[in-house]
Amino acid sequence: MNKTRLEAFSDGVLAIIITIMVLEFKVPDSTNWEAILPLLHKFLSYVLSFIYVGIYWNNHHHMMHTVKKVNGRILWANLHLLFWLSLIPFATAWIGEHHFAPFPMMFYGIILFMNGFAYFLLQIQIIKIHGKDSQLSMAIGNGFKGKASVILYAAAIALSHLYTVAAGIIYIIVAFMWLVPDKRIERILTNEKQ
């Protein structure tokens, strides 16, 4: 099967996710600076989640360049990823509305953890159909950033009940780890064209 519909559907869902997140902002009744201060928590949670959705879109885009064909397992693994990504707006609204309270921060971490896990499962399915010598398999190698992310998410989830600031800092650290697109896929694709 062709990958075009999978890419188009994924791009559409991710665009909707970002749109839903921004709709959480209500226009203040007043026109002065003080009117936007109560929105600061929502804005900060939005920025972090926007970055996360952008990271997933960017890495998904790069990963799809290594895909030559898809099967039902890849389609379902992709839907699984989109399911967890679609929960980001809810978790974002919750932490923003409740000023980064402990349980919402833990829930946010669980959603981020499950997004990472779902992305990992999608990679496995793509490698299964394309083989251990595939571009994606060679590009991800031992997957250090993925493994480190899982450990950091687990630590943040555990810390969120007592130290929400520490959990938030860990979520930001993981986002910064992934902010730069994975150059390994670009290198593999460039080397194969030469």
# chains A, B, ... in the order shown; residues from 1 in each chain; ligands from 1
$ closest_atom_pairs --of "region 89-182 of chain A" --to "region 28-44 of chain A" --cutoff "7 Å" --atoms "only C-alpha atoms" --output "tab-separated table"
residue	atom	partner	partner_atom	distance
A:Ala93	CA	A:Lys42	CA	6.8
A:Gly96	CA	A:Lys42	CA	4.0
A:Glu97	CA	A:Lys42	CA	6.3
A:His99	CA	A:His41	CA	5.7
$ write_last_selection --atoms "N, CA and C atoms" --output "JSON list (two decimals), in the first residue's frame"
[["chain", "number", "residue", "atom", "x", "y", "z"],
["A", 93, "ALA", "N", -4.89, 21.89, 28.46],
["A", 93, "ALA", "CA", -5.92, 22.75, 29.07],
["A", 93, "ALA", "C", -5.98, 22.51, 30.57],
["A", 96, "GLY", "N", -2.94, 24.07, 32.34],
["A", 96, "GLY", "CA", -3.03, 25.52, 32.26],
["A", 96, "GLY", "C", -4.12, 26.09, 33.15],
["A", 97, "GLU", "N", -5.26, 25.43, 33.16],
["A", 97, "GLU", "CA", -6.40, 25.90, 33.95],
["A", 97, "GLU", "C", -6.14, 25.79, 35.45],
["A", 99, "HIS", "N", -3.09, 25.77, 36.95],
["A", 99, "HIS", "CA", -1.79, 26.32, 37.34],
["A", 99, "HIS", "C", -0.76, 25.25, 37.68]]
$ residues_around --residues "Ser86 (chain A)" --least-positions-apart "3" --cutoff "9 Å" --atoms "only C-alpha atoms" --output "number ranges by chain"
A: 13-14, 16-17, 81-83, 89-90
$ write_last_selection --atoms "all heavy atoms" --output "CSV table (one decimal), in the first residue's frame"
chain,number,residue,atom,x,y,z
A,13,VAL,N,-4.7,15.6,11.2
A,13,VAL,CA,-5.0,15.4,12.6
A,13,VAL,C,-4.1,16.3,13.4
A,13,VAL,O,-4.6,16.9,14.4
A,13,VAL,CB,-4.9,13.9,13.0
A,13,VAL,CG1,-4.9,13.7,14.5
A,13,VAL,CG2,-6.0,13.0,12.3
A,14,LEU,N,-2.9,16.4,13.1
A,14,LEU,CA,-1.9,17.2,13.8
A,14,LEU,C,-2.3,18.7,13.7
A,14,LEU,O,-2.2,19.4,14.7
A,14,LEU,CB,-0.5,17.0,13.4
A,14,LEU,CG,0.0,15.6,13.8
A,14,LEU,CD1,1.4,15.3,13.1
A,14,LEU,CD2,0.2,15.5,15.3
A,16,ILE,N,-5.4,19.8,13.3
A,16,ILE,CA,-6.5,20.0,14.2
A,16,ILE,C,-6.2,20.0,15.6
A,16,ILE,O,-6.7,20.8,16.4
A,16,ILE,CB,-7.6,18.8,13.9
A,16,ILE,CG1,-8.2,19.0,12.5
A,16,ILE,CG2,-8.7,18.8,14.9
A,16,ILE,CD1,-8.9,17.8,12.0
A,17,ILE,N,-5.2,19.2,16.1
A,17,ILE,CA,-4.7,19.2,17.5
A,17,ILE,C,-4.2,20.6,17.8
A,17,ILE,O,-4.6,21.1,18.9
A,17,ILE,CB,-3.7,18.1,17.7
A,17,ILE,CG1,-4.3,16.7,17.6
A,17,ILE,CG2,-2.9,18.3,19.0
A,17,ILE,CD1,-3.3,15.6,17.6
A,81,LEU,N,-0.6,6.3,17.7
A,81,LEU,CA,0.1,7.5,17.9
A,81,LEU,C,-0.8,8.7,17.9
A,81,LEU,O,-0.8,9.6,18.8
A,81,LEU,CB,1.3,7.7,16.9
A,81,LEU,CG,2.0,9.0,17.0
A,81,LEU,CD1,2.7,9.2,18.3
A,81,LEU,CD2,3.0,9.1,15.9
A,82,LEU,N,-1.6,8.8,16.9
A,82,LEU,CA,-2.5,9.9,16.7
A,82,LEU,C,-3.5,10.0,17.9
A,82,LEU,O,-3.9,11.1,18.3
A,82,LEU,CB,-3.3,9.9,15.4
A,82,LEU,CG,-2.4,10.1,14.2
A,82,LEU,CD1,-3.2,9.9,12.9
A,82,LEU,CD2,-1.7,11.4,14.2
A,83,PHE,N,-3.9,8.9,18.4
A,83,PHE,CA,-4.8,8.8,19.6
A,83,PHE,C,-4.2,9.6,20.8
A,83,PHE,O,-4.8,10.4,21.4
A,83,PHE,CB,-5.2,7.4,20.0
A,83,PHE,CG,-5.9,7.3,21.3
A,83,PHE,CD1,-7.2,7.6,21.4
A,83,PHE,CD2,-5.2,6.9,22.4
A,83,PHE,CE1,-7.9,7.6,22.6
A,83,PHE,CE2,-5.8,6.9,23.7
A,83,PHE,CZ,-7.2,7.2,23.8
A,89,PRO,N,-4.2,18.3,23.7
A,89,PRO,CA,-5.0,19.5,24.1
A,89,PRO,C,-5.7,19.4,25.4
A,89,PRO,O,-5.8,20.4,26.1
A,89,PRO,CB,-6.0,19.6,22.9
A,89,PRO,CG,-5.3,18.9,21.8
A,89,PRO,CD,-4.6,17.8,22.4
A,90,PHE,N,-6.3,18.2,25.7
A,90,PHE,CA,-7.0,18.1,27.0
A,90,PHE,C,-6.0,18.3,28.2
A,90,PHE,O,-6.3,19.0,29.1
A,90,PHE,CB,-7.7,16.7,27.1
A,90,PHE,CG,-8.2,16.4,28.4
A,90,PHE,CD1,-9.4,17.0,28.8
A,90,PHE,CD2,-7.6,15.5,29.3
A,90,PHE,CE1,-9.9,16.8,30.1
A,90,PHE,CE2,-8.1,15.3,30.5
A,90,PHE,CZ,-9.3,15.9,31.0
$ closest_atom_pairs --of "region 70-170 of chain A" --to "region 174-184 of chain A" --cutoff "9 Å" --atoms "only C-alpha atoms" --output "tab-separated table"
residue	atom	partner	partner_atom	distance
A:Leu136	CA	A:Arg184	CA	9.0
A:Met138	CA	A:Arg184	CA	8.5
A:Ala139	CA	A:Arg184	CA	5.0
A:Ile140	CA	A:Arg184	CA	7.0
A:Gly141	CA	A:Arg184	CA	9.0
A:Lys145	CA	A:Met177	CA	7.3
A:Ala148	CA	A:Val174	CA	8.4
A:Ser149	CA	A:Val174	CA	6.0
A:Leu152	CA	A:Val174	CA	7.3
A:Tyr153	CA	A:Val174	CA	8.0
A:Ile169	CA	A:Val174	CA	8.7
A:Ile170	CA	A:Val174	CA	6.2
$ residues_around --residues "Tyr108 (chain A)" --least-positions-apart "3" --cutoff "6 Å" --atoms "only C-alpha atoms" --output "PDB file with all heavy atoms, in the first residue's frame"
ATOM      1  N   ALA A  91      -4.891  17.555  28.090  1.00  0.00           N
ATOM      2  CA  ALA A  91      -3.895  17.640  29.168  1.00  0.00           C
ATOM      3  C   ALA A  91      -3.333  19.059  29.272  1.00  0.00           C
ATOM      4  O   ALA A  91      -3.099  19.559  30.376  1.00  0.00           O
ATOM      5  CB  ALA A  91      -2.774  16.628  28.919  1.00  0.00           C
ATOM      6  N   MET A 105      -0.325  17.651  36.227  1.00  0.00           N
ATOM      7  CA  MET A 105       1.045  17.529  35.718  1.00  0.00           C
ATOM      8  C   MET A 105       1.451  16.068  35.552  1.00  0.00           C
ATOM      9  O   MET A 105       2.155  15.719  34.598  1.00  0.00           O
ATOM     10  CB  MET A 105       2.028  18.242  36.653  1.00  0.00           C
ATOM     11  CG  MET A 105       1.996  19.746  36.524  1.00  0.00           C
ATOM     12  SD  MET A 105       2.573  20.342  34.923  1.00  0.00           S
ATOM     13  CE  MET A 105       4.345  20.267  35.169  1.00  0.00           C
ATOM     14  N   ILE A 111       0.587  11.269  29.387  1.00  0.00           N
ATOM     15  CA  ILE A 111       0.256  11.469  27.965  1.00  0.00           C
ATOM     16  C   ILE A 111       1.533  11.583  27.137  1.00  0.00           C
ATOM     17  O   ILE A 111       1.651  10.973  26.071  1.00  0.00           O
ATOM     18  CB  ILE A 111      -0.648  12.714  27.775  1.00  0.00           C
ATOM     19  CG1 ILE A 111      -1.978  12.542  28.491  1.00  0.00           C
ATOM     20  CG2 ILE A 111      -0.863  13.029  26.294  1.00  0.00           C
ATOM     21  CD1 ILE A 111      -2.792  11.333  28.068  1.00  0.00           C
TER      22      ILE A 111
END
$ residues_around --residues "Ser134 (chain A)" --least-positions-apart "2" --cutoff "12 Å" --atoms "only C-alpha atoms" --output "VMD selection string"
chain A and resid 63 65 to 68 123 to 132 136 to 141 185 188 to 189 192
$ write_last_selection --atoms "C-alpha atoms" --output "compact mmCIF listing (two decimals), in the first residue's frame"
# COMPACT_ATOMS: atom_id res chain seq x y z
CA MET A 63 10.38 9.10 9.39
CA HIS A 65 10.57 9.72 4.07
CA THR A 66 12.12 6.33 4.91
CA VAL A 67 8.83 4.47 4.30
CA LYS A 68 8.34 2.82 0.92
CA GLN A 123 8.98 2.73 14.30
CA ILE A 124 9.01 -0.99 15.12
CA GLN A 125 6.22 -1.70 12.64
CA ILE A 126 7.96 0.28 9.90
CA ILE A 127 11.22 -1.56 10.52
CA LYS A 128 9.40 -4.92 10.48
CA ILE A 129 8.06 -4.35 6.98
CA HIS A 130 11.24 -2.72 5.61
CA GLY A 131 13.82 -4.90 7.36
CA LYS A 132 16.71 -4.49 9.76
CA LEU A 136 14.94 3.90 9.39
CA SER A 137 16.67 1.06 11.22
CA MET A 138 20.10 2.39 10.32
CA ALA A 139 19.10 5.96 11.19
CA ILE A 140 17.73 5.34 14.68
CA GLY A 141 20.56 3.05 15.73
CA ILE A 185 17.41 10.23 8.89
CA ILE A 188 20.86 8.32 5.58
CA LEU A 189 18.55 9.65 2.86
CA GLU A 192 21.57 6.89 -0.46
$ residues_around --residues "Tyr171 (chain A)" --least-positions-apart "6" --cutoff "12 Å" --atoms "only C-alpha atoms" --output "list in words"
Ser45, Leu48, Ser49, Ile51, Tyr52, Met105, Met106, Tyr108, Gly109, Ile110, Ile111, Leu112, Phe113, Ser149, Val150, Ile151, Leu152, Tyr153, Ala154, Ala155, Ala156, Ile157, Leu159, Ser160, Thr164, Val165, Met177 and Trp178 of chain A
